[in-house]
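**Student:** Sharing coords04.cif, mmCIF, C-alpha atoms:
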data_protein
#
loop_
_atom_site.label_atom_id
_atom_site.label_comp_id
_atom_site.auth_asym_id
_atom_site.auth_seq_id
_atom_site.Cartn_x
_atom_site.Cartn_y
_atom_site.Cartn_z
CA MET A 1 -29.70 2.23 3.50
CA SER A 2 -26.34 2.51 1.80
CA ALA A 3 -23.25 2.63 3.98
CA THR A 4 -19.86 4.08 3.11
CA SER A 5 -16.85 4.93 5.20
CA SER A 6 -17.25 8.68 4.84
CA THR A 7 -19.97 11.28 4.33
CA PRO A 8 -19.79 13.16 1.00
CA GLN A 9 -19.13 16.89 1.20
CA ALA A 10 -22.05 19.22 0.58
CA ASN A 11 -22.69 19.80 -3.14
CA VAL A 12 -20.15 17.11 -4.10
CA PRO A 13 -21.86 14.31 -6.09
CA ARG A 14 -21.51 10.65 -5.17
CA LEU A 15 -18.58 9.22 -7.09
CA SER A 16 -20.64 6.27 -8.33
CA SER A 17 -23.26 8.65 -9.73
CA LEU A 18 -20.65 10.04 -12.14
CA SER A 19 -19.92 6.72 -13.84
CA HIS A 20 -22.06 4.55 -16.09
CA GLY A 21 -20.55 1.41 -14.53
CA GLY A 22 -18.19 0.74 -11.66
CA GLY A 23 -15.04 -1.29 -11.11
CA CYS A 24 -14.34 -4.28 -13.35
CA GLY A 25 -18.01 -4.23 -14.35
CA CYS A 26 -16.90 -1.53 -16.81
CA LYS A 27 -15.04 -4.09 -18.90
CA ILE A 28 -16.11 -4.64 -22.49
CA ALA A 29 -17.91 -7.99 -22.63
CA PRO A 30 -15.60 -10.85 -23.67
CA GLY A 31 -17.48 -11.67 -26.87
CA LEU A 32 -17.38 -8.08 -28.14
CA LEU A 33 -13.76 -7.69 -27.02
CA SER A 34 -12.80 -10.73 -29.08
CA GLU A 35 -14.45 -9.22 -32.17
CA ILE A 36 -12.66 -5.90 -31.64
CA LEU A 37 -9.26 -7.54 -31.25
CA LYS A 38 -9.77 -9.69 -34.34
CA SER A 39 -10.33 -6.60 -36.48
CA SER A 40 -7.66 -4.46 -34.82
CA GLY A 41 -4.60 -6.02 -36.38
CA VAL A 42 -3.07 -6.56 -32.93
CA GLY A 43 0.06 -8.66 -33.34
CA GLY A 44 2.88 -7.64 -35.63
CA LEU A 45 6.47 -7.96 -34.48
CA VAL A 46 6.92 -10.66 -31.85
CA PRO A 47 10.51 -10.80 -30.55
CA PRO A 48 11.57 -14.09 -28.95
CA GLU A 49 12.00 -12.30 -25.61
CA LEU A 50 8.24 -11.61 -25.47
CA LEU A 51 7.16 -14.65 -23.48
CA VAL A 52 3.49 -13.71 -22.98
CA ARG A 53 1.24 -11.47 -25.05
CA SER A 54 -2.49 -11.23 -25.69
CA GLU A 55 -3.29 -14.49 -27.48
CA THR A 56 -3.69 -16.55 -24.29
CA ALA A 57 -5.76 -13.84 -22.53
CA ASP A 58 -3.21 -13.75 -19.72
CA ASP A 59 -3.17 -11.09 -17.04
CA ALA A 60 -0.01 -9.29 -18.19
CA ALA A 61 2.62 -9.15 -20.89
CA VAL A 62 5.99 -10.69 -19.99
CA TYR A 63 9.35 -9.82 -21.59
CA GLN A 64 12.50 -11.77 -20.75
CA LEU A 65 15.43 -9.54 -19.75
CA ASN A 66 18.01 -12.23 -19.01
CA GLU A 67 18.23 -15.81 -17.76
CA GLU A 68 17.12 -14.82 -14.26
CA GLN A 69 14.58 -12.04 -14.84
CA ALA A 70 11.52 -11.31 -16.94
CA LEU A 71 9.58 -8.03 -16.85
CA VAL A 72 5.85 -8.29 -16.10
CA ALA A 73 3.87 -5.32 -17.48
CA THR A 74 0.17 -4.67 -17.05
CA THR A 75 -2.34 -1.85 -16.73
CA ASP A 76 -5.83 -1.58 -15.26
CA PHE A 77 -8.16 1.32 -14.58
CA PHE A 78 -11.87 1.89 -14.11
CA MET A 79 -14.65 4.15 -12.84
CA PRO A 80 -15.74 4.26 -9.17
CA ILE A 81 -17.27 1.18 -7.59
CA VAL A 82 -17.73 3.01 -4.25
CA ASP A 83 -18.41 6.61 -3.20
CA ASP A 84 -15.59 7.02 -0.69
CA PRO A 85 -12.65 8.45 -2.71
CA TYR A 86 -9.96 6.89 -0.54
CA ASP A 87 -11.57 3.45 -0.82
CA PHE A 88 -11.95 3.89 -4.60
CA GLY A 89 -8.23 4.61 -4.91
CA ARG A 90 -7.33 1.60 -2.76
CA ILE A 91 -9.59 -0.77 -4.70
CA ALA A 92 -8.36 0.38 -8.12
CA ALA A 93 -4.70 0.08 -7.11
CA THR A 94 -5.16 -3.36 -5.54
CA ASN A 95 -6.90 -4.56 -8.68
CA ALA A 96 -4.15 -3.29 -10.98
CA ILE A 97 -1.28 -4.80 -8.98
CA SER A 98 -3.11 -8.14 -8.84
CA ASP A 99 -2.21 -8.89 -12.46
CA VAL A 100 1.49 -8.95 -11.56
CA TYR A 101 0.82 -11.43 -8.76
CA ALA A 102 -1.33 -13.49 -11.12
CA MET A 103 1.72 -14.09 -13.34
CA GLY A 104 3.75 -15.17 -10.30
CA GLY A 105 5.60 -11.85 -10.29
CA ARG A 106 6.89 -9.45 -7.66
CA PRO A 107 5.75 -5.82 -8.19
CA ILE A 108 8.58 -3.28 -8.44
CA PHE A 109 6.85 0.06 -9.22
CA ALA A 110 3.73 1.62 -10.68
CA LEU A 111 2.57 4.58 -12.74
CA ALA A 112 -0.76 6.29 -12.00
CA LEU A 113 -3.48 6.74 -14.64
CA VAL A 114 -5.84 9.55 -13.64
CA GLY A 115 -8.85 10.96 -15.49
CA MET A 116 -11.07 13.28 -13.46
CA PRO A 117 -13.96 15.72 -14.12
CA ILE A 118 -12.08 18.65 -12.63
CA ASN A 119 -15.07 21.01 -12.84
CA VAL A 120 -17.21 18.56 -10.85
CA LEU A 121 -14.92 17.09 -8.19
CA PRO A 122 -12.92 19.30 -5.81
CA PRO A 123 -9.13 18.85 -5.59
CA GLU A 124 -9.52 17.39 -2.10
CA THR A 125 -11.65 14.51 -3.42
CA ILE A 126 -9.23 13.76 -6.26
CA GLY A 127 -6.35 13.92 -3.80
CA ARG A 128 -8.03 11.34 -1.58
CA ILE A 129 -8.38 8.95 -4.55
CA LEU A 130 -4.66 9.24 -5.25
CA ALA A 131 -3.85 8.86 -1.55
CA GLY A 132 -5.79 5.59 -1.46
CA GLY A 133 -3.79 4.26 -4.39
CA GLN A 134 -0.56 5.40 -2.77
CA ALA A 135 -1.46 3.57 0.46
CA VAL A 136 -1.95 0.27 -1.37
CA CYS A 137 1.30 0.65 -3.30
CA ALA A 138 3.09 1.30 -0.02
CA ALA A 139 1.54 -1.89 1.40
CA ALA A 140 2.81 -3.76 -1.68
CA GLY A 141 6.27 -2.27 -1.09
CA ILE A 142 6.43 -0.28 -4.33
CA PRO A 143 6.54 3.40 -5.28
CA ILE A 144 4.29 5.26 -7.68
CA ALA A 145 7.04 6.63 -9.91
CA GLY A 146 4.95 8.86 -12.18
CA GLY A 147 1.87 8.70 -14.35
CA HIS A 148 -0.50 10.70 -16.54
CA THR A 149 -3.59 12.83 -15.87
CA ILE A 150 -6.42 14.12 -18.06
CA ASP A 151 -9.63 16.09 -17.58
CA SER A 152 -12.29 13.41 -18.10
CA VAL A 153 -16.10 13.31 -18.21
CA GLU A 154 -16.14 10.37 -15.77
CA PRO A 155 -13.71 9.76 -12.89
CA ILE A 156 -11.11 7.15 -13.85
CA TYR A 157 -8.23 5.83 -11.78
CA GLY A 158 -5.80 2.95 -12.11
CA LEU A 159 -2.18 1.96 -12.49
CA VAL A 160 0.41 0.69 -14.87
CA ALA A 161 2.03 -1.99 -12.71
CA LEU A 162 5.46 -3.46 -13.42
CA GLY A 163 7.06 -6.48 -11.80
CA LEU A 164 9.74 -9.14 -12.13
CA VAL A 165 9.50 -12.92 -12.31
CA HIS A 166 12.01 -15.69 -12.96
CA PRO A 167 11.27 -16.95 -16.50
CA LYS A 168 11.02 -20.53 -15.23
CA ARG A 169 8.52 -19.53 -12.53
CA LEU A 170 6.20 -17.64 -14.84
CA LYS A 171 2.59 -18.88 -14.54
CA ARG A 172 0.39 -18.62 -17.62
CA ASN A 173 -3.20 -19.49 -18.51
CA ALA A 174 -1.94 -21.98 -21.08
CA ASP A 175 -0.19 -24.33 -18.65
CA ALA A 176 -3.03 -26.05 -16.76
CA ARG A 177 -2.80 -29.85 -17.02
CA PRO A 178 -5.36 -32.68 -17.01
CA GLY A 179 -6.10 -33.80 -13.46
CA ASP A 180 -5.11 -30.46 -11.91
CA ARG A 181 -7.28 -29.21 -9.08
CA LEU A 182 -8.70 -25.68 -9.10
CA ILE A 183 -8.39 -23.43 -6.06
CA LEU A 184 -10.08 -20.03 -5.73
CA GLY A 185 -8.46 -17.53 -3.37
CA LYS A 186 -11.36 -15.14 -2.63
CA ALA A 187 -15.12 -15.46 -2.28
CA LEU A 188 -17.42 -14.28 -5.09
CA GLY A 189 -20.08 -11.57 -4.91
CA VAL A 190 -18.36 -8.20 -5.25
CA GLY A 191 -20.46 -7.26 -8.29
CA VAL A 192 -23.68 -8.07 -6.43
CA LEU A 193 -22.58 -5.95 -3.45
CA SER A 194 -21.67 -3.07 -5.76
CA ALA A 195 -25.10 -3.25 -7.41
CA ALA A 196 -26.77 -3.02 -3.99
CA LEU A 197 -24.50 -0.12 -3.05
CA LYS A 198 -25.34 1.80 -6.21
CA LYS A 199 -29.05 1.48 -5.33
CA GLU A 200 -28.30 2.53 -1.72
CA GLN A 201 -29.41 -0.84 -0.36
CA LEU A 202 -26.12 -2.12 1.08
CA ASP A 203 -25.70 -2.07 4.85
CA ALA A 204 -22.50 -1.20 6.72
CA ALA A 205 -21.50 -4.84 7.19
CA GLY A 206 -21.90 -5.58 3.47
CA TYR A 207 -19.86 -2.51 2.57
CA ALA A 208 -17.10 -3.53 4.98
CA ARG A 209 -16.97 -7.02 3.45
CA MET A 210 -16.82 -5.59 -0.05
CA VAL A 211 -13.95 -3.22 0.75
CA ALA A 212 -12.04 -5.87 2.72
CA SER A 213 -12.18 -8.26 -0.25
CA THR A 214 -11.33 -5.73 -2.94
CA THR A 215 -8.38 -4.23 -1.06
CA GLN A 216 -6.73 -7.54 -0.13
CA LEU A 217 -3.56 -7.80 -2.22
CA ASN A 218 -3.12 -11.13 -4.01
CA THR A 219 0.37 -11.55 -2.54
CA PRO A 220 0.20 -15.39 -2.47
CA GLY A 221 0.91 -15.28 -6.21
CA MET A 222 4.63 -14.74 -5.56
CA ALA A 223 4.97 -17.82 -3.35
CA LEU A 224 2.68 -19.91 -5.56
CA ALA A 225 5.07 -19.30 -8.47
CA ALA A 226 7.80 -21.11 -6.57
CA LEU A 227 5.74 -24.30 -6.11
CA ASP A 228 6.44 -26.99 -8.70
CA GLY A 229 2.92 -28.34 -8.28
CA VAL A 230 1.32 -25.06 -9.41
CA HIS A 231 0.93 -25.06 -13.17
CA ALA A 232 -1.29 -22.08 -14.00
CA LEU A 233 -2.55 -18.88 -12.37
CA THR A 234 -5.02 -16.16 -13.24
CA ASP A 235 -7.16 -13.75 -11.27
CA VAL A 236 -10.94 -13.58 -11.39
CA THR A 237 -12.04 -10.07 -12.32
CA GLY A 238 -14.52 -8.50 -14.72
CA PHE A 239 -15.51 -11.60 -16.69
CA GLY A 240 -16.47 -13.48 -13.52
CA LEU A 241 -15.42 -16.95 -12.40
CA ALA A 242 -16.92 -18.53 -15.49
CA GLY A 243 -15.24 -16.15 -17.93
CA HIS A 244 -11.78 -16.37 -16.44
CA GLY A 245 -12.15 -20.11 -15.97
CA LEU A 246 -12.94 -20.39 -19.68
CA GLU A 247 -9.81 -18.37 -20.51
CA LEU A 248 -7.73 -20.85 -18.52
CA ALA A 249 -9.46 -23.79 -20.21
CA ARG A 250 -9.00 -22.36 -23.72
CA GLY A 251 -5.37 -21.48 -23.04
CA ALA A 252 -4.64 -25.08 -22.10
CA GLY A 253 -6.91 -26.54 -24.81
CA LEU A 254 -8.81 -28.45 -22.11
CA ALA A 255 -12.08 -28.34 -20.14
CA LEU A 256 -12.93 -27.56 -16.52
CA ARG A 257 -15.43 -28.88 -14.00
CA ILE A 258 -16.58 -26.63 -11.14
CA ASP A 259 -18.38 -27.97 -8.09
CA TRP A 260 -20.71 -25.05 -7.34
CA SER A 261 -21.41 -26.18 -3.78
CA ARG A 262 -17.72 -25.66 -2.96
CA VAL A 263 -17.39 -22.18 -4.48
CA PRO A 264 -17.03 -19.61 -1.66
CA LEU A 265 -19.53 -16.74 -1.64
CA LEU A 266 -19.40 -13.56 0.41
CA PRO A 267 -22.10 -13.57 3.13
CA GLY A 268 -25.49 -12.36 1.96
CA VAL A 269 -24.72 -12.10 -1.76
CA ARG A 270 -26.91 -15.01 -2.89
CA ALA A 271 -29.95 -13.44 -1.21
CA LEU A 272 -29.12 -10.04 -2.73
CA ALA A 273 -28.77 -11.60 -6.21
CA GLY A 274 -32.14 -13.25 -5.71
CA GLN A 275 -33.61 -9.81 -5.01
CA GLY A 276 -32.29 -8.54 -8.34
CA PHE A 277 -29.11 -6.80 -7.21
CA VAL A 278 -26.95 -7.83 -10.15
CA THR A 279 -24.81 -5.76 -12.49
CA GLY A 280 -25.46 -5.26 -16.17
CA ALA A 281 -22.02 -6.75 -16.77
CA SER A 282 -23.16 -10.09 -15.34
CA GLY A 283 -25.78 -10.40 -18.08
CA ARG A 284 -23.38 -9.21 -20.78
CA ASN A 285 -20.84 -11.76 -19.62
CA TRP A 286 -23.35 -14.58 -19.82
CA ALA A 287 -24.52 -13.50 -23.27
CA SER A 288 -20.90 -13.65 -24.44
CA TYR A 289 -19.95 -17.09 -23.14
CA GLY A 290 -23.00 -18.88 -21.74
CA SER A 291 -23.12 -21.27 -24.70
CA GLN A 292 -19.70 -22.60 -23.64
CA ILE A 293 -20.97 -23.64 -20.18
CA ALA A 294 -22.98 -26.71 -19.18
CA LEU A 295 -25.17 -26.10 -16.12
CA PRO A 296 -26.99 -28.72 -14.04
CA GLU A 297 -30.74 -28.98 -14.33
CA GLY A 298 -32.52 -26.53 -12.03
CA PHE A 299 -29.49 -24.27 -11.56
CA ALA A 300 -30.94 -21.15 -9.91
CA ALA A 301 -30.93 -17.77 -11.62
CA GLU A 302 -29.10 -16.16 -8.70
CA ASP A 303 -26.36 -18.80 -8.91
CA ARG A 304 -25.94 -18.19 -12.61
CA ALA A 305 -25.67 -14.47 -11.89
CA LEU A 306 -22.91 -15.16 -9.34
CA LEU A 307 -21.11 -17.48 -11.76
CA SER A 308 -20.78 -14.55 -14.21
CA ASP A 309 -20.61 -11.82 -11.53
CA PRO A 310 -17.80 -9.34 -12.32
CA GLN A 311 -15.24 -9.40 -9.53
CA THR A 312 -13.36 -6.18 -8.97
CA SER A 313 -9.97 -7.12 -7.50
CA GLY A 314 -11.07 -10.74 -7.26
CA GLY A 315 -9.16 -13.79 -6.10
CA LEU A 316 -6.48 -15.89 -7.71
CA LEU A 317 -7.59 -19.02 -9.58
CA VAL A 318 -4.92 -21.71 -9.22
CA SER A 319 -4.46 -24.88 -11.25
CA CYS A 320 -2.26 -27.34 -9.35
CA THR A 321 -1.57 -31.04 -8.89
CA PRO A 322 -3.73 -32.94 -6.38
CA GLU A 323 -0.64 -33.41 -4.24
CA ALA A 324 -0.11 -29.63 -4.01
CA VAL A 325 -3.64 -28.75 -2.85
CA ASP A 326 -2.92 -28.81 0.88
CA GLU A 327 0.23 -26.72 0.47
CA VAL A 328 -1.55 -24.17 -1.72
CA LEU A 329 -4.45 -23.84 0.72
CA ALA A 330 -2.05 -23.53 3.66
CA LEU A 331 -0.20 -20.75 1.84
CA PHE A 332 -3.44 -18.86 1.29
CA ARG A 333 -4.41 -19.31 4.95
CA ARG A 334 -1.04 -18.00 6.16
CA GLU A 335 -1.58 -14.81 4.18
CA GLY A 336 -5.11 -14.23 5.51
CA PHE A 337 -7.24 -15.65 2.69
CA ASP A 338 -9.82 -17.41 4.81
CA TYR A 339 -12.24 -18.08 1.94
CA ALA A 340 -9.73 -19.96 -0.23
CA ALA A 341 -11.17 -23.30 -1.34
CA GLU A 342 -10.74 -26.15 -3.79
CA ILE A 343 -13.60 -25.74 -6.28
CA GLY A 344 -13.05 -28.17 -9.16
CA GLU A 345 -10.60 -29.75 -11.55
CA VAL A 346 -9.11 -29.65 -15.03
CA LEU A 347 -10.54 -32.42 -17.19
CA ASP A 348 -8.67 -34.60 -19.65
CA GLU A 349 -10.97 -33.46 -22.43
CA ARG A 350 -10.27 -31.44 -25.57
CA PRO A 351 -13.71 -30.18 -26.60
CA ALA A 352 -14.53 -29.66 -30.25
CA GLU A 353 -15.77 -26.28 -31.43
CA GLY A 354 -19.23 -25.59 -30.00
CA VAL A 355 -18.91 -28.10 -27.15
CA PRO A 356 -18.92 -26.56 -23.66
CA ARG A 357 -15.50 -26.16 -22.04
CA LEU A 358 -16.84 -25.48 -18.55
CA ARG A 359 -19.09 -27.94 -16.72
CA VAL A 360 -20.81 -26.88 -13.49
CA VAL A 361 -22.03 -29.62 -11.17
#
Now that the file is in, can you turn its structure into structure tokens?

**Tutor:**
Amino acid sequence: MSATSSTPQANVPRLSSLSHGGGCGCKIAPGLLSEILKSSGVGGLVPPELLVRSETADDAAVYQLNEEQALVATTDFFMPIVDDPYDFGRIAATNAISDVYAMGGRPIFALALVGMPINVLPPETIGRILAGGQAVCAAAGIPIAGGHTIDSVEPIYGLVALGLVHPKRLKRNADARPGDRLILGKALGVGVLSAALKKEQLDAAGYARMVASTTQLNTPGMALAALDGVHALTDVTGFGLAGHGLELARGAGLALRIDWSRVPLLPGVRALAGQGFVTGASGRNWASYGSQIALPEGFAAEDRALLSDPQTSGGLLVSCTPEAVDEVLALFRREGFDYAAEIGEVLDERPAEGVPRLRVV
């Protein structure tokens, strides 16, 4: 049976029943997104102060204000991944703020993005979604300073998140170096748990693990930015570990190796994936980038599903020197990230077109 932290009101539909896909699983697949952006004419004026824009597939745009400060700007929103409105608000807000941390920034304030089917959901339910987002922003030490609302067919919630970073401490996808080690801050499997929840086959323990992971703010990003040994940062979200790893590899013009046996997984998710509890986004992800990945012989179907599993509010992926590994892991541990682990390395290879950039061993 499915387990959530609250019982829906009579005649109020489950939040997840109102959306065609939940959380970061709603993302447009990376291959299709690339085609859309190519034909959109995105680009135009690029002032020298704009330090990061879309070409490196980074987590946020960054605009330098002065010698000491750069503005980090990002936005993220999606449909419900859970039925409890307060948890949905918390998860969406945590996910949106994560992109500031993933650039090494410190959040300063947020704006709410709210689209709700007002003839379907009562004001109390919508209010609980916003309260969940407010609670996470309070935990991050920032206000929600405004926002925008619309009457929408599907429930949508998220944030515009703004932060500050020292220009010299900015961490981009493009800056990984050969020989760097890769560290993942959270365990994988959120998409698998969400698929089981949607089919009402997730128990209370699985639900608790899912919410605990997706509402854990990626605060280590701020301290990681200050470490000279940390070269690149991103967070693992809708494109899965493989997709966001490929973004890091392409940004640096290099290749990655991932030791699958060292990748942390949330308890029970491999068995659930083996039972078919996978999201449609996992398959779309693989169809978009699977040709860029070399898998070992006999790699199990459930492992491949987890490699491309969309992570809502997933963990930071860190590229750092071998000498910095212990310090990075200790930082994660101090901030409560018990699953953080070294999972691979950046290779001194510059693959030609059509040659895989990500090697799983």

**Student:** I would like the residues chosen by the PyMOL selection byres ((chain A and resi 327) around 12) on the shown file; could you give them as a list in words?

**Tutor:**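 Expected selection for the PyMOL selection byres ((chain A and resi 327) around 12) here is Ile183, Pro220, Ala223, Leu224, Ala226, Leu227, Asp228, Gly229, Val230, Cys320, Thr321, Pro322, Glu323, Ala324, Val325, Asp326, Val328, Leu329, Ala330, Leu331, Phe332, Arg333, Arg334 and Glu342 of chain A.
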
**Student:** Once you have the residues from the selection above, write them out as a tab-separated table (two decimals), in the coordinates of the input, restricted to C-alpha atoms.

**Tutor:**
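This went into result.tsv:
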chain	number	residue	atom	x	y	z
A	183	ILE	CA	-8.39	-23.43	-6.06
A	220	PRO	CA	0.20	-15.39	-2.47
A	223	ALA	CA	4.97	-17.82	-3.35
A	224	LEU	CA	2.68	-19.91	-5.56
A	226	ALA	CA	7.80	-21.11	-6.57
A	227	LEU	CA	5.74	-24.30	-6.11
A	228	ASP	CA	6.44	-26.99	-8.70
A	229	GLY	CA	2.92	-28.34	-8.28
A	230	VAL	CA	1.32	-25.06	-9.41
A	320	CYS	CA	-2.26	-27.34	-9.35
A	321	THR	CA	-1.57	-31.04	-8.89
A	322	PRO	CA	-3.73	-32.94	-6.38
A	323	GLU	CA	-0.64	-33.41	-4.24
A	324	ALA	CA	-0.11	-29.63	-4.01
A	325	VAL	CA	-3.64	-28.75	-2.85
A	326	ASP	CA	-2.92	-28.81	0.88
A	328	VAL	CA	-1.55	-24.17	-1.72
A	329	LEU	CA	-4.45	-23.84	0.72
A	330	ALA	CA	-2.05	-23.53	3.66
A	331	LEU	CA	-0.20	-20.75	1.84
A	332	PHE	CA	-3.44	-18.86	1.29
A	333	ARG	CA	-4.41	-19.31	4.95
A	334	ARG	CA	-1.04	-18.00	6.16
A	342	GLU	CA	-10.74	-26.15	-3.79

**Student:** Report as a tab-separated table: every residue of segment 235-270 of chain A with an atom at most 12 Å from segment 201-208 of chain A, its closest pair of atoms, and their distance in Å to one decimal, counting only C-alpha atoms, with rows sorted by chain and ascending residue number.

**Tutor:**
residue	atom	partner	partner_atom	distance
A:Leu266	CA	A:Gly206	CA	8.9
A:Pro267	CA	A:Gly206	CA	8.0
A:Gly268	CA	A:Gly206	CA	7.8
A:Val269	CA	A:Gly206	CA	8.8

**Student:** Kindly provide, as JSON, the centre and edge lengths (Å, one decimal) of an axis-aligned box around all atoms of segment 224-236 of chain A given in the file, with 5 Å on each side.

**Tutor:**
{"center_x": -1.6, "center_y": -21.0, "center_z": -9.8, "size_x": 28.7, "size_y": 24.8, "size_z": 18.4}

**Student:** So how many Å separate atom CA of Asp338 of chain A and atom CA of Leu184 of chain A, to one decimal?

**Tutor:** 10.9 Å

**Student:** Between A:Pro310, A:Gly221, A:Gly179, A:Pro167, which one has atoms that come closest to Val236 of chain A, using all atoms listed in the file?

**Tutor:**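 Checking each of A:Pro310, A:Gly221, A:Gly179, A:Pro167 against Val236 of chain A, counting all atoms listed in the file, the winner is A:Pro310.
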
**Student:** So, counting only C-alpha atoms, which residue among A:Gln216, A:Thr234, A:Ser282, A:Ser98 is closest to Ser194 of chain A?

**Tutor:** A:Ser282

**Student:** Quick check on the file I pasted: which residues fall under the PyMOL selection byres ((chain A and resi 50) around 9)? Write them as a ChimeraX atom specification.

**Tutor:** /A:46-49,51-53,61-64

**Student:** Quick one: of A:Asn119, A:Thr237, A:Gln69, A:Thr215, who's nearest to Cys137 of chain A, counting only C-alpha atoms?

**Tutor:** A:Thr215

**Student:** Name the residues that the PyMOL selection byres ((chain A and resi 109) around 8) pulls out of this structure, and write them as a ChimeraX atom specification.

**Tutor:** /A:107-108,110-111,142-145,161-163

**Student:** Create the file for the chosen residues now, containing C-alpha atoms and written as a PDB file, keeping the file's coordinate frame.

**Tutor:**
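Once everything was written out, this is part-v1.pdb:
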ATOM      1  CA  PRO A 107       5.750  -5.820  -8.190  1.00  0.00           C
ATOM      2  CA  ILE A 108       8.580  -3.280  -8.440  1.00  0.00           C
ATOM      3  CA  ALA A 110       3.730   1.620 -10.680  1.00  0.00           C
ATOM      4  CA  LEU A 111       2.570   4.580 -12.740  1.00  0.00           C
ATOM      5  CA  ILE A 142       6.430  -0.280  -4.330  1.00  0.00           C
ATOM      6  CA  PRO A 143       6.540   3.400  -5.280  1.00  0.00           C
ATOM      7  CA  ILE A 144       4.290   5.260  -7.680  1.00  0.00           C
ATOM      8  CA  ALA A 145       7.040   6.630  -9.910  1.00  0.00           C
ATOM      9  CA  ALA A 161       2.030  -1.990 -12.710  1.00  0.00           C
ATOM     10  CA  LEU A 162       5.460  -3.460 -13.420  1.00  0.00           C
ATOM     11  CA  GLY A 163       7.060  -6.480 -11.800  1.00  0.00           C
TER      12      GLY A 163
END

**Student:** Have a look at atom CA of Leu182 of chain A and atom CA of Ile97 of chain A and let me know their distance in Å, one decimal.

**Tutor:** 22.2 Å

**Student:** Considering only C-alpha atoms, can you say which of A:Arg284, A:Lys198, A:Arg209, A:His244 comes closest to Leu15 of chain A?

**Tutor:**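 Among the listed residues, the smallest separation from Leu15 of chain A belongs to A:Lys198.
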